[in-house]
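Asks: Handing you a structure now.
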Amino acid sequence: MDLVNADQGYMHGFEVTTARPPFREMAMMQGPAAFSGAFIMPILPETSQGQYHRSTQFIATKAGTYYYICPVPGHAAQGMAGQFVVS
Ligand SMILES: [Cu+2]
């Protein structure tokens with residue numbers, strides 16, 4: 001999984017979590033990463049020097065419906081989240 005932060009104003013990260021919506025302000029505290037490595041710490045916003053990016057690899061070891069969220073406080077609560085289905 002590659003995360004590129006093309007946002008010029010905010011940090012963003014990535015996590016596939018065991019938590020389920022509704023997500024609160026501190027959504028990253030509602031549950032651990034669903035799989036080992038399914039987490040990218042928030043990365044800095046885009047600057048005039050370019051975009052920050054980070055990668056991770058993980059294996060989704062158990063079928064089910066999970067959610068991906070941005071772990072920056074408030075972002076998942078504002079909708080920066082979605083379903084992640086493993087079949
Ligand atoms: Cu975010």
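Following the order of the structure tokens, chains are lettered A, B, ..., residues in each are numbered from 1, and ligands are numbered from 1.
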Set the distance at 8 Å and use only C-alpha atoms: which residues neighbour stretch 38-50 of chain A once local chain neighbours fewer than 3 positions away are removed? I'd like the list as an mmCIF file with C-alpha atoms, in the first residue's frame.

Replies:
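Listing of result28.cif after writing:
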```cif
data_model
loop_
_atom_site.group_PDB
_atom_site.id
_atom_site.type_symbol
_atom_site.label_atom_id
_atom_site.label_comp_id
_atom_site.auth_asym_id
_atom_site.auth_seq_id
_atom_site.Cartn_x
_atom_site.Cartn_y
_atom_site.Cartn_z
ATOM 1 C CA LEU A 3 0.187 6.561 0.568
ATOM 2 C CA ASN A 5 -0.202 13.027 0.640
ATOM 3 C CA ALA A 6 -1.293 15.425 -2.127
ATOM 4 C CA ASP A 7 -3.064 17.657 0.405
ATOM 5 C CA GLN A 8 -1.340 21.001 0.821
ATOM 6 C CA GLY A 9 -2.871 21.660 4.227
ATOM 7 C CA TYR A 10 -3.048 18.559 6.379
ATOM 8 C CA MET A 11 -1.176 15.487 7.491
ATOM 9 C CA HIS A 12 -2.794 12.152 6.660
ATOM 10 C CA GLY A 13 -2.114 8.534 7.495
ATOM 11 C CA PHE A 14 -3.642 5.121 6.923
ATOM 12 C CA GLU A 15 -4.848 2.252 9.045
ATOM 13 C CA VAL A 16 -6.982 -0.819 8.457
ATOM 14 C CA THR A 17 -8.668 -1.128 11.804
ATOM 15 C CA ALA A 33 -4.664 -2.332 13.309
ATOM 16 C CA ALA A 34 -6.484 -5.325 11.874
ATOM 17 C CA PHE A 35 -3.301 -6.852 10.432
ATOM 18 C CA HIS A 53 4.815 9.401 0.580
ATOM 19 C CA ARG A 54 5.218 6.233 2.581
ATOM 20 C CA SER A 55 4.566 2.565 1.926
ATOM 21 C CA THR A 56 3.651 -0.477 3.912
ATOM 22 C CA GLN A 57 2.940 -4.083 3.158
ATOM 23 C CA PHE A 58 0.581 -6.355 5.006
ATOM 24 C CA PRO A 71 -5.614 8.087 12.024
ATOM 25 C CA VAL A 72 -5.165 11.874 12.284
#
```

Asks: Going by DSSP on the backbone, which bits of stretch 1-84 of chain A are strand (DSSP E or B)? Write them as number ranges by chain, please.

Replies: A: 2-5, 12-17, 33, 39-43, 47, 50, 52-55, 64-69, 81-84

Asks: Calculated over only C-alpha atoms, which of the candidates A:Tyr68, A:Met1, A:Gly37, A:Arg24 has the smallest distance to A:Met80?

Replies: A:Tyr68

Asks: Which is closer to ligand 1 than all the others in A:Thr65, A:Gln78, A:Gln51, A:Gln83, using only C-alpha atoms and all ligand atoms?

Replies: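 Of all the options, A:Gln78 lies closest to ligand 1.
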
Asks: Find the residue from A:Gly79, A:Pro32, A:Gly64, A:Pro21 that sits nearest to ligand 1; use only C-alpha atoms and all ligand atoms when measuring.

Replies: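 Nearest candidate to ligand 1 out of A:Gly79, A:Pro32, A:Gly64, A:Pro21: A:Gly79.
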
Asks: Ranking A:Ala63, A:Val4, A:Val85, A:Ala19 by minimum distance to ligand 1 and counting only C-alpha atoms and all ligand atoms, which one comes first?

Replies: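 Result for the nearest residue to ligand 1: A:Val4.
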
Asks: May I have the residues within 9 Å of A:Phe23 as an mmCIF file with N, CA and C atoms, in the first residue's frame, using only C-alpha atoms and disregarding those fewer than 2 positions away in the same chain?

Replies:
```
data_model
loop_
_atom_site.group_PDB
_atom_site.id
_atom_site.type_symbol
_atom_site.label_atom_id
_atom_site.label_comp_id
_atom_site.auth_asym_id
_atom_site.auth_seq_id
_atom_site.Cartn_x
_atom_site.Cartn_y
_atom_site.Cartn_z
ATOM 1 N N ALA A 19 -11.817 -1.461 14.370
ATOM 2 C CA ALA A 19 -12.908 -0.604 14.850
ATOM 3 C C ALA A 19 -13.978 -0.460 13.769
ATOM 4 N N ARG A 20 -15.177 -0.150 14.217
ATOM 5 C CA ARG A 20 -16.303 0.029 13.292
ATOM 6 C C ARG A 20 -16.897 1.412 13.520
ATOM 7 N N PRO A 21 -17.512 1.967 12.462
ATOM 8 C CA PRO A 21 -18.133 3.275 12.627
ATOM 9 C C PRO A 21 -19.333 3.184 13.574
ATOM 10 N N GLU A 25 -13.504 11.264 17.463
ATOM 11 C CA GLU A 25 -12.373 12.166 17.231
ATOM 12 C C GLU A 25 -11.039 11.408 17.204
ATOM 13 N N MET A 26 -10.861 10.493 18.154
ATOM 14 C CA MET A 26 -9.626 9.719 18.256
ATOM 15 C C MET A 26 -9.890 8.296 17.750
ATOM 16 N N ALA A 27 -10.267 8.161 16.507
ATOM 17 C CA ALA A 27 -10.667 6.866 15.943
ATOM 18 C C ALA A 27 -9.568 5.821 16.069
ATOM 19 N N MET A 28 -8.323 6.263 16.044
ATOM 20 C CA MET A 28 -7.217 5.295 16.113
ATOM 21 C C MET A 28 -7.169 4.594 17.463
ATOM 22 N N GLN A 30 -9.961 3.449 18.906
ATOM 23 C CA GLN A 30 -11.141 2.597 18.994
ATOM 24 C C GLN A 30 -10.828 1.134 18.717
ATOM 25 N N ILE A 69 -9.094 3.840 7.839
ATOM 26 C CA ILE A 69 -9.295 5.185 8.378
ATOM 27 C C ILE A 69 -8.014 5.999 8.221
ATOM 28 N N GLY A 74 -9.825 13.349 14.258
ATOM 29 C CA GLY A 74 -10.952 14.012 13.616
ATOM 30 C C GLY A 74 -11.179 13.632 12.168
ATOM 31 N N ALA A 76 -11.211 10.626 10.472
ATOM 32 C CA ALA A 76 -12.148 9.523 10.243
ATOM 33 C C ALA A 76 -13.562 9.944 10.647
ATOM 34 N N ALA A 77 -13.678 10.696 11.734
ATOM 35 C CA ALA A 77 -14.986 11.160 12.192
ATOM 36 C C ALA A 77 -15.637 12.058 11.152
ATOM 37 N N GLN A 78 -14.811 12.740 10.353
ATOM 38 C CA GLN A 78 -15.333 13.627 9.309
ATOM 39 C C GLN A 78 -15.496 12.907 7.972
ATOM 40 N N GLY A 79 -15.291 11.591 7.971
ATOM 41 C CA GLY A 79 -15.573 10.827 6.764
ATOM 42 C C GLY A 79 -14.378 10.258 6.036
ATOM 43 N N ALA A 81 -12.731 7.621 5.798
ATOM 44 C CA ALA A 81 -12.804 6.215 6.170
ATOM 45 C C ALA A 81 -13.571 5.479 5.096
#
```

Asks: Could you state the separation of atom CA of A:Tyr67 and atom 1 (Cu, counted along the ligand's line) of ligand 1 in Å, given to one decimal place?

Replies: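 Atom 1 (Cu, counted along the ligand's line) of ligand 1 lies 14.2 Å from atom CA of A:Tyr67.
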
Asks: Could you please determine the separation between atom CA of A:Ser87 and atom CA of A:Pro73 in Å, to one decimal place?

Replies: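 Computed distance, atom CA of A:Ser87 to atom CA of A:Pro73, equals 29.5 Å.
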
Asks: Would you mind telling me which residue in A:Cys70, A:Ile59, A:Gly82, A:Met29 lies nearest to ligand 1 when using only C-alpha atoms and all ligand atoms?

Replies: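 Smallest distance to ligand 1 is found for A:Cys70.
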
Asks: Taking only C-alpha atoms and all ligand atoms into account, which of A:Tyr66, A:Pro22, A:His75, A:Tyr52 comes nearest ligand 1?

Replies: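 Ranked by minimum distance to ligand 1, first place goes to A:His75.
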